[in-house]
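Engineer: Structure file upload.pdb (PDB, C-alpha atoms) is given on the next line.
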MODEL        1
ATOM      1  CA  PHE A   1      63.191  41.716 -88.347
ATOM      2  CA  ILE A   2      60.863  44.136 -90.065
ATOM      3  CA  VAL A   3      59.051  45.842 -87.200
ATOM      4  CA  ASP A   4      55.958  48.030 -87.388
ATOM      5  CA  MET A   5      57.144  51.231 -85.699
ATOM      6  CA  LYS A   6      53.670  51.705 -84.212
ATOM      7  CA  THR A   7      54.172  48.575 -82.111
ATOM      8  CA  PRO A   8      53.687  49.322 -78.376
ATOM      9  CA  GLY A   9      56.988  49.809 -76.530
ATOM     10  CA  ILE A  10      58.928  51.461 -79.356
ATOM     11  CA  THR A  11      60.204  54.971 -78.666
ATOM     12  CA  VAL A  12      62.038  57.056 -81.286
ATOM     13  CA  LYS A  13      64.120  60.076 -80.269
ATOM     14  CA  PRO A  14      65.590  62.212 -83.089
ATOM     15  CA  ILE A  15      69.310  63.027 -83.011
ATOM     16  CA  VAL A  16      69.934  66.533 -84.341
ATOM     17  CA  ASP A  17      73.516  67.002 -85.544
ATOM     18  CA  ILE A  18      75.768  70.065 -85.288
ATOM     19  CA  THR A  19      74.405  71.433 -88.580
ATOM     20  CA  GLY A  20      70.860  71.394 -87.199
ATOM     21  CA  ALA A  21      69.820  68.495 -89.450
ATOM     22  CA  HIS A  22      68.137  65.251 -88.408
ATOM     23  CA  HIS A  23      69.387  62.074 -90.114
ATOM     24  CA  PHE A  24      69.525  59.533 -87.278
ATOM     25  CA  ASN A  25      67.464  58.467 -84.283
ATOM     26  CA  GLU A  26      67.817  56.706 -80.979
ATOM     27  CA  VAL A  27      65.332  53.833 -81.017
ATOM     28  CA  PHE A  28      64.322  52.156 -77.771
ATOM     29  CA  PHE A  29      62.537  48.796 -77.506
ATOM     30  CA  ASP A  30      60.833  48.260 -74.146
ATOM     31  CA  GLN A  31      59.144  44.856 -73.824
ATOM     32  CA  VAL A  32      58.309  44.892 -77.541
ATOM     33  CA  ARG A  33      56.712  41.732 -78.904
ATOM     34  CA  ILE A  34      56.583  40.970 -82.614
ATOM     35  CA  PRO A  35      55.239  38.001 -84.580
ATOM     36  CA  LYS A  36      57.475  35.297 -86.074
ATOM     37  CA  SER A  37      56.351  36.481 -89.507
ATOM     38  CA  ALA A  38      58.507  39.631 -88.998
ATOM     39  CA  LEU A  39      61.695  37.561 -89.406
ATOM     40  CA  ILE A  40      63.746  38.273 -92.539
ATOM     41  CA  GLY A  41      66.340  35.817 -93.777
ATOM     42  CA  GLU A  42      67.590  32.932 -91.673
ATOM     43  CA  ARG A  43      67.158  32.623 -87.936
ATOM     44  CA  ASP A  44      70.372  33.264 -85.954
ATOM     45  CA  ARG A  45      72.081  34.672 -89.058
ATOM     46  CA  GLY A  46      71.217  38.345 -88.510
ATOM     47  CA  TRP A  47      74.817  39.518 -87.996
ATOM     48  CA  TYR A  48      75.950  37.919 -91.246
ATOM     49  CA  GLN A  49      73.062  39.453 -93.155
ATOM     50  CA  ILE A  50      73.757  42.921 -91.742
ATOM     51  CA  ALA A  51      77.509  42.559 -92.402
ATOM     52  CA  ALA A  52      76.807  41.744 -96.051
ATOM     53  CA  GLN A  53      74.400  44.680 -96.314
ATOM     54  CA  LEU A  54      77.128  46.971 -94.957
ATOM     55  CA  ASP A  55      79.303  46.016 -97.931
ATOM     56  CA  TYR A  56      76.609  47.361-100.230
ATOM     57  CA  GLU A  57      75.940  50.450 -98.115
ATOM     58  CA  ARG A  58      79.603  51.416 -97.869
ATOM     59  CA  SER A  59      80.276  51.288-101.569
ATOM     60  CA  GLY A  60      77.625  53.639-102.934
ATOM     61  CA  ILE A  61      78.661  56.492-105.182
ATOM     62  CA  GLU A  62      76.918  58.942-102.833
ATOM     63  CA  ARG A  63      80.017  58.616-100.634
ATOM     64  CA  LEU A  64      81.832  60.477-103.372
ATOM     65  CA  MET A  65      79.122  62.622-104.916
ATOM     66  CA  SER A  66      77.429  64.124-101.844
ATOM     67  CA  ASN A  67      79.814  67.091-101.888
ATOM     68  CA  TYR A  68      80.578  67.305-105.597
ATOM     69  CA  LEU A  69      78.727  70.638-105.738
ATOM     70  CA  VAL A  70      81.194  71.969-103.166
ATOM     71  CA  LEU A  71      84.125  71.012-105.417
ATOM     72  CA  GLU A  72      82.515  72.708-108.405
ATOM     73  CA  ALA A  73      81.509  75.761-106.375
ATOM     74  CA  ILE A  74      84.951  76.418-104.886
ATOM     75  CA  SER A  75      86.600  75.905-108.288
ATOM     76  CA  ASP A  76      84.262  78.480-109.825
ATOM     77  CA  TYR A  77      84.779  80.804-106.861
ATOM     78  CA  ALA A  78      88.568  80.588-107.233
ATOM     79  CA  LYS A  79      88.274  81.494-110.925
ATOM     80  CA  GLU A  80      85.822  84.354-110.363
ATOM     81  CA  THR A  81      87.856  85.930-107.568
ATOM     82  CA  GLY A  82      91.265  85.365-109.162
ATOM     83  CA  LEU A  83      92.386  83.138-106.280
ATOM     84  CA  ASN A  84      93.282  80.481-108.840
ATOM     85  CA  ARG A  85      96.295  82.599-109.791
ATOM     86  CA  ARG A  86      97.958  81.423-106.585
ATOM     87  CA  GLU A  87      99.959  78.292-107.237
ATOM     88  CA  SER A  88      99.165  76.770-103.823
ATOM     89  CA  ILE A  89      95.424  77.103-104.447
ATOM     90  CA  ARG A  90      95.674  75.677-107.968
ATOM     91  CA  GLN A  91      97.637  72.694-106.646
ATOM     92  CA  ASN A  92      95.179  72.138-103.812
ATOM     93  CA  LEU A  93      92.186  72.195-106.173
ATOM     94  CA  ALA A  94      93.985  69.955-108.662
ATOM     95  CA  GLN A  95      94.682  67.469-105.851
ATOM     96  CA  ARG A  96      90.973  67.398-104.929
ATOM     97  CA  TYR A  97      90.039  66.703-108.575
ATOM     98  CA  ILE A  98      92.628  63.904-108.801
ATOM     99  CA  GLU A  99      91.254  62.371-105.603
ATOM    100  CA  PHE A 100      87.706  62.691-106.913
ATOM    101  CA  ASN A 101      88.661  60.672-110.002
ATOM    102  CA  MET A 102      90.472  58.074-107.895
ATOM    103  CA  GLY A 103      87.314  57.734-105.807
ATOM    104  CA  LYS A 104      85.288  57.187-108.984
ATOM    105  CA  PHE A 105      87.548  54.302-109.982
ATOM    106  CA  LEU A 106      87.137  52.674-106.558
ATOM    107  CA  VAL A 107      83.339  53.017-106.687
ATOM    108  CA  TYR A 108      83.189  51.764-110.284
ATOM    109  CA  LYS A 109      85.271  48.726-109.325
ATOM    110  CA  VAL A 110      82.729  47.871-106.649
ATOM    111  CA  ALA A 111      79.894  48.266-109.170
ATOM    112  CA  TRP A 112      81.720  45.938-111.558
ATOM    113  CA  LEU A 113      82.202  43.325-108.811
ATOM    114  CA  LEU A 114      78.489  43.499-108.035
ATOM    115  CA  SER A 115      77.709  42.945-111.719
ATOM    116  CA  GLN A 116      79.792  39.753-111.455
ATOM    117  CA  ASN A 117      77.803  38.611-108.370
ATOM    118  CA  ILE A 118      80.856  39.077-106.143
ATOM    119  CA  ILE A 119      80.332  40.537-102.657
ATOM    120  CA  PRO A 120      82.716  43.535-102.560
ATOM    121  CA  ASN A 121      83.925  43.181 -98.977
ATOM    122  CA  ALA A 122      87.446  44.664 -98.896
ATOM    123  CA  GLU A 123      86.759  46.727-102.015
ATOM    124  CA  SER A 124      83.737  48.487-100.529
ATOM    125  CA  ALA A 125      85.728  49.149 -97.350
ATOM    126  CA  ALA A 126      88.478  50.744 -99.460
ATOM    127  CA  ALA A 127      85.971  52.823-101.442
ATOM    128  CA  LYS A 128      84.208  54.084 -98.334
ATOM    129  CA  ALA A 129      87.436  54.868 -96.448
ATOM    130  CA  PHE A 130      88.944  56.752 -99.380
ATOM    131  CA  CYS A 131      85.811  58.650-100.394
ATOM    132  CA  THR A 132      84.789  59.789 -96.914
ATOM    133  CA  GLU A 133      88.298  60.938 -96.058
ATOM    134  CA  TYR A 134      88.349  62.729 -99.410
ATOM    135  CA  GLU A 135      85.165  64.562 -98.444
ATOM    136  CA  GLN A 136      86.835  65.710 -95.236
ATOM    137  CA  ARG A 137      89.848  67.010 -97.170
ATOM    138  CA  LEU A 138      87.500  68.757 -99.608
ATOM    139  CA  ALA A 139      85.686  70.506 -96.731
ATOM    140  CA  GLN A 140      89.043  71.606 -95.328
ATOM    141  CA  THR A 141      90.149  72.954 -98.726
ATOM    142  CA  ALA A 142      86.866  74.840 -99.134
ATOM    143  CA  THR A 143      87.182  76.350 -95.658
ATOM    144  CA  GLU A 144      90.728  77.506 -96.303
ATOM    145  CA  LEU A 145      89.736  78.972 -99.677
ATOM    146  CA  LEU A 146      86.782  81.014 -98.395
ATOM    147  CA  GLY A 147      88.392  82.054 -95.120
ATOM    148  CA  MET A 148      86.057  83.614 -92.567
ATOM    149  CA  HIS A 149      83.096  83.492 -94.997
ATOM    150  CA  SER A 150      83.219  79.691 -94.783
ATOM    151  CA  LEU A 151      81.835  79.927 -91.229
ATOM    152  CA  LEU A 152      78.507  81.439 -92.304
ATOM    153  CA  MET A 153      75.612  79.000 -92.414
ATOM    154  CA  PRO A 154      72.839  78.903 -95.042
ATOM    155  CA  GLY A 155      70.473  81.820 -94.586
ATOM    156  CA  SER A 156      73.156  84.345 -93.661
ATOM    157  CA  ARG A 157      73.055  87.367 -95.975
ATOM    158  CA  GLN A 158      76.848  87.482 -96.263
ATOM    159  CA  ALA A 159      77.382  83.745 -96.732
ATOM    160  CA  LYS A 160      79.350  82.799 -99.826
ATOM    161  CA  LEU A 161      78.132  79.833-101.891
ATOM    162  CA  GLN A 162      74.802  79.787 -99.995
ATOM    163  CA  GLY A 163      76.521  78.731 -96.751
ATOM    164  CA  ARG A 164      77.224  75.310 -98.240
ATOM    165  CA  ILE A 165      80.832  75.284 -97.006
ATOM    166  CA  ALA A 166      79.996  75.742 -93.313
ATOM    167  CA  ARG A 167      77.586  72.830 -93.456
ATOM    168  CA  ALA A 168      80.084  70.612 -95.315
ATOM    169  CA  TYR A 169      82.812  71.394 -92.794
ATOM    170  CA  LEU A 170      80.629  70.851 -89.728
ATOM    171  CA  TYR A 171      79.237  67.564 -91.042
ATOM    172  CA  ALA A 172      82.627  66.241 -92.240
ATOM    173  CA  PRO A 173      83.603  64.338 -89.039
ATOM    174  CA  ALA A 174      80.502  62.140 -89.428
ATOM    175  CA  TYR A 175      81.662  60.766 -92.792
ATOM    176  CA  THR A 176      84.373  58.575 -91.289
ATOM    177  CA  ILE A 177      82.126  57.352 -88.465
ATOM    178  CA  GLN A 178      78.773  56.449 -90.031
ATOM    179  CA  GLY A 179      78.676  53.146 -91.875
ATOM    180  CA  GLY A 180      81.871  51.971 -90.163
ATOM    181  CA  THR A 181      84.830  53.966 -88.896
ATOM    182  CA  SER A 182      87.973  54.290 -90.983
ATOM    183  CA  THR A 183      89.805  52.130 -88.425
ATOM    184  CA  ILE A 184      87.314  49.288 -88.890
ATOM    185  CA  LEU A 185      87.488  49.667 -92.670
ATOM    186  CA  ARG A 186      91.291  49.469 -92.638
ATOM    187  CA  THR A 187      91.058  46.298 -90.552
ATOM    188  CA  ILE A 188      88.679  44.800 -93.130
ATOM    189  CA  MET A 189      91.058  45.746 -95.950
ATOM    190  CA  ALA A 190      94.043  44.269 -94.100
ATOM    191  CA  GLN A 191      92.434  41.003 -92.992
ATOM    192  CA  ARG A 192      89.950  40.230 -95.764
ATOM    193  CA  GLY A 193      91.648  42.023 -98.642
ATOM    194  CA  LEU A 194      95.326  41.365 -97.945
ATOM    195  CA  GLY A 195      94.960  38.261 -95.782
ATOM    196  CA  LEU A 196      96.923  39.746 -92.869
ATOM    197  CA  PRO A 197      96.493  38.165 -89.429
ATOM    198  CA  PRO A 198      94.330  39.837 -86.775
ATOM    199  CA  GLY A 199      96.020  41.993 -84.160
TER
ENDMDL
END
For the file at hand, write its structure as structure tokens.
Structural biologist:
Amino acid sequence: FIVDMKTPGITVKPIVDITGAHHFNEVFFDQVRIPKSALIGERDRGWYQIAAQLDYERSGIERLMSNYLVLEAISDYAKETGLNRRESIRQNLAQRYIEFNMGKFLVYKVAWLLSQNIIPNAESAAAKAFCTEYEQRLAQTATELLGMHSLLMPGSRQAKLQGRIARAYLYAPAYTIQGGTSTILRTIMAQRGLGLPPG
């Protein structure tokens, strides 16, 4: 249904995350009545419509690109400070770049499937699982690279890279929850992608 949020009985409570940002809400419906004209799609097919929409939501390139500036910033920081002379840091950064390119291929495959009018069910699950877990590894790499400075939030005078790393690290756990947990995505890949039995 498309519902006018000014309808009597609807209450919206913002959820503020650990970074201090507001992206989600709790929405309560108490004796809300809406007209039949608010129905979208077919009656009694809401779950199927939402499930198909999730395939599109999960496969967007923003899953990969939302922290690209972090990757670029820590690479530049490593060069400027000479940290890139350490082999372990070079290897870690190289691994993040390799994973970034692998994520691009997964996202591009989904885009190609969409261009062929194919619903990218298992493929979008794979893209989302890989890209969001990549973003968590990237946040961990950035935190290790900057050390104690990575804890300073935006606005702190001593924050490196405008405090971007602290925010990326704090928000990272949400990536593998929102839009479907990694466990659910792996189940989709196993059952719908590989044809494995449930259980």
Engineer: Once the PyMOL selection byres ((chain A and resi 175) around 8) is applied to the coordinates I shared, what remains selected? I want it as a PyMOL selection string.
Structural biologist: chain A and resi 132-133+135-136+171-174+176-178
Engineer: Taking the file as shown, what set of residues would the PyMOL selection byres ((chain A and resi 182) around 10) give back, as an mmCIF file with C-alpha atoms, in the frame of the given file?
Structural biologist:
data_model
loop_
_atom_site.group_PDB
_atom_site.id
_atom_site.type_symbol
_atom_site.label_atom_id
_atom_site.label_comp_id
_atom_site.auth_asym_id
_atom_site.auth_seq_id
_atom_site.Cartn_x
_atom_site.Cartn_y
_atom_site.Cartn_z
ATOM 1 C CA ALA A 125 85.728 49.149 -97.350
ATOM 2 C CA ALA A 126 88.478 50.744 -99.460
ATOM 3 C CA LYS A 128 84.208 54.084 -98.334
ATOM 4 C CA ALA A 129 87.436 54.868 -96.448
ATOM 5 C CA PHE A 130 88.944 56.752 -99.380
ATOM 6 C CA THR A 132 84.789 59.789 -96.914
ATOM 7 C CA GLU A 133 88.298 60.938 -96.058
ATOM 8 C CA TYR A 175 81.662 60.766 -92.792
ATOM 9 C CA THR A 176 84.373 58.575 -91.289
ATOM 10 C CA ILE A 177 82.126 57.352 -88.465
ATOM 11 C CA GLN A 178 78.773 56.449 -90.031
ATOM 12 C CA GLY A 179 78.676 53.146 -91.875
ATOM 13 C CA GLY A 180 81.871 51.971 -90.163
ATOM 14 C CA THR A 181 84.830 53.966 -88.896
ATOM 15 C CA THR A 183 89.805 52.130 -88.425
ATOM 16 C CA ILE A 184 87.314 49.288 -88.890
ATOM 17 C CA LEU A 185 87.488 49.667 -92.670
ATOM 18 C CA ARG A 186 91.291 49.469 -92.638
ATOM 19 C CA THR A 187 91.058 46.298 -90.552
ATOM 20 C CA ILE A 188 88.679 44.800 -93.130
#
Engineer: List as a PyMOL selection string the protein and nucleic acid residues near stretch 20-28 of chain A, meaning an atom at most 6 Å away when all atoms listed in the file are counted, but skip any in the same chain fewer than 5 places from it.
Structural biologist: chain A and resi 10-15
Engineer: Nearest residue to A:Arg58 out of A:Pro35, A:Gly46, A:Gly9, A:Pro120, using all atoms listed in the file?
Structural biologist: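 Of the candidates, the smallest distance to A:Arg58 is held by A:Pro120.
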Engineer: List every protein, DNA or RNA residue that has at least one atom no more than 12 Å from (92.0, 40.1, -101.3) in the file's coordinates, counting all atoms listed in the file, and write the result as a CSV table (one decimal) with C-alpha atoms, in the frame of the given file.
Structural biologist:
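Contents of point-v2.csv, freshly written:
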chain,number,residue,atom,x,y,z
A,119,ILE,CA,80.3,40.5,-102.7
A,120,PRO,CA,82.7,43.5,-102.6
A,121,ASN,CA,83.9,43.2,-99.0
A,122,ALA,CA,87.4,44.7,-98.9
A,123,GLU,CA,86.8,46.7,-102.0
A,124,SER,CA,83.7,48.5,-100.5
A,125,ALA,CA,85.7,49.1,-97.4
A,126,ALA,CA,88.5,50.7,-99.5
A,188,ILE,CA,88.7,44.8,-93.1
A,189,MET,CA,91.1,45.7,-96.0
A,190,ALA,CA,94.0,44.3,-94.1
A,191,GLN,CA,92.4,41.0,-93.0
A,192,ARG,CA,90.0,40.2,-95.8
A,193,GLY,CA,91.6,42.0,-98.6
A,194,LEU,CA,95.3,41.4,-97.9
A,195,GLY,CA,95.0,38.3,-95.8
A,196,LEU,CA,96.9,39.7,-92.9
Engineer: Identify which of the residues A:Arg137, A:Thr19, A:Glu99, A:Asn84 lies closest to A:Met153, counting all atoms listed in the file when measuring atom-to-atom distances.
Structural biologist: A:Thr19
Engineer: When you draw a straight line from atom CA of A:Ile74 to atom CA of A:Ala166, how long is it in Å?
Structural biologist: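 One can read the atom CA of A:Ile74 to atom CA of A:Ala166 distance as 12.6 Å.
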Engineer: Enter the distance from atom CA of A:Ser37 to atom CA of A:Ile50, in Å, rounded to one decimal.
Structural biologist: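 Separation between atom CA of A:Ser37 and atom CA of A:Ile50: 18.7 Å.
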Engineer: Would you compute the box with edges along x, y and z of the file around stretch 24-37 of chain A, including every atom the file lists for it and 6 Å extra on each side, and give its centre and edge lengths in Å to one decimal, as JSON?
Structural biologist:
{"center_x": 62.4, "center_y": 47.4, "center_z": -81.7, "size_x": 26.3, "size_y": 36.2, "size_z": 27.7}
Engineer: Please write a file for stretch 44-131 of chain A, taken from the block I just shared, that holds C-alpha atoms and is laid out as a compact mmCIF listing (two decimals), in the first residue's frame.
Structural biologist:
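Result saved to selection-v4.txt:
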# COMPACT_ATOMS: atom_id res chain seq x y z
CA ASP A 44 -2.48 -10.98 -1.41
CA ARG A 45 0.80 -10.83 -3.35
CA GLY A 46 2.57 -8.23 -1.19
CA TRP A 47 5.31 -10.58 0.06
CA TYR A 48 6.25 -11.60 -3.47
CA GLN A 49 6.36 -7.99 -4.62
CA ILE A 50 8.56 -6.96 -1.68
CA ALA A 51 10.84 -10.00 -2.18
CA ALA A 52 11.38 -9.02 -5.82
CA GLN A 53 12.06 -5.41 -4.82
CA LEU A 54 14.69 -6.64 -2.36
CA ASP A 55 16.58 -8.20 -5.27
CA TYR A 56 16.84 -4.76 -6.84
CA GLU A 57 17.68 -3.02 -3.56
CA ARG A 58 20.43 -5.47 -2.64
CA SER A 59 22.28 -5.20 -5.90
CA GLY A 60 22.87 -1.45 -6.16
CA ILE A 61 26.38 -0.17 -6.71
CA GLU A 62 26.04 2.02 -3.61
CA ARG A 63 26.75 -1.15 -1.62
CA LEU A 64 30.25 -0.92 -3.02
CA MET A 65 30.74 2.80 -3.54
CA SER A 66 29.48 4.25 -0.25
CA ASN A 67 32.95 4.01 1.28
CA TYR A 68 35.10 4.39 -1.82
CA LEU A 69 36.33 7.75 -0.49
CA VAL A 70 37.65 5.91 2.56
CA LEU A 71 39.69 3.58 0.34
CA GLU A 72 41.13 6.51 -1.59
CA ALA A 73 41.77 8.52 1.57
CA ILE A 74 43.66 5.79 3.42
CA SER A 75 45.71 4.99 0.31
CA ASP A 76 46.71 8.65 0.02
CA TYR A 77 47.38 8.82 3.75
CA ALA A 78 49.65 5.77 3.59
CA LYS A 79 51.64 7.38 0.75
CA GLU A 80 51.89 10.79 2.44
CA THR A 81 53.02 9.37 5.77
CA GLY A 82 55.34 6.72 4.34
CA LEU A 83 53.29 3.91 5.89
CA ASN A 84 53.07 2.33 2.45
CA ARG A 85 56.72 1.32 2.82
CA ARG A 86 55.58 -1.42 5.19
CA GLU A 87 54.91 -4.59 3.28
CA SER A 88 51.97 -5.61 5.50
CA ILE A 89 50.22 -2.30 4.85
CA ARG A 90 50.86 -2.45 1.10
CA GLN A 91 49.44 -5.98 0.98
CA ASN A 92 46.41 -5.00 3.04
CA LEU A 93 45.64 -2.02 0.79
CA ALA A 94 46.22 -4.11 -2.34
CA GLN A 95 43.76 -6.71 -1.00
CA ARG A 96 41.11 -4.01 -0.48
CA TYR A 97 41.59 -2.78 -4.07
CA ILE A 98 41.32 -6.35 -5.42
CA GLU A 99 38.12 -6.86 -3.43
CA PHE A 100 36.76 -3.54 -4.68
CA ASN A 101 37.24 -4.69 -8.28
CA MET A 102 35.67 -8.07 -7.54
CA GLY A 103 32.67 -6.24 -6.08
CA LYS A 104 32.41 -4.17 -9.27
CA PHE A 105 32.20 -7.34 -11.36
CA LEU A 106 29.42 -8.72 -9.15
CA VAL A 107 27.43 -5.47 -9.36
CA TYR A 108 27.98 -5.19 -13.12
CA LYS A 109 26.75 -8.76 -13.58
CA VAL A 110 23.53 -7.84 -11.81
CA ALA A 111 23.15 -4.77 -14.03
CA TRP A 112 23.65 -6.95 -17.10
CA LEU A 113 21.00 -9.43 -15.90
CA LEU A 114 18.58 -6.56 -15.39
CA SER A 115 19.26 -5.37 -18.94
CA GLN A 116 18.22 -8.86 -20.08
CA ASN A 117 14.96 -8.64 -18.05
CA ILE A 118 16.18 -11.34 -15.66
CA ILE A 119 15.41 -10.94 -11.95
CA PRO A 120 18.85 -11.21 -10.28
CA ASN A 121 17.84 -13.21 -7.21
CA ALA A 122 20.93 -15.22 -6.20
CA GLU A 123 23.23 -12.79 -8.01
CA SER A 124 22.01 -9.76 -6.08
CA ALA A 125 22.33 -11.73 -2.83
CA ALA A 126 25.94 -12.54 -3.74
CA ALA A 127 26.69 -8.92 -4.67
CA LYS A 128 25.20 -7.55 -1.46
CA ALA A 129 26.89 -10.14 0.79
CA PHE A 130 30.30 -9.60 -0.79
CA CYS A 131 30.15 -5.81 -1.00
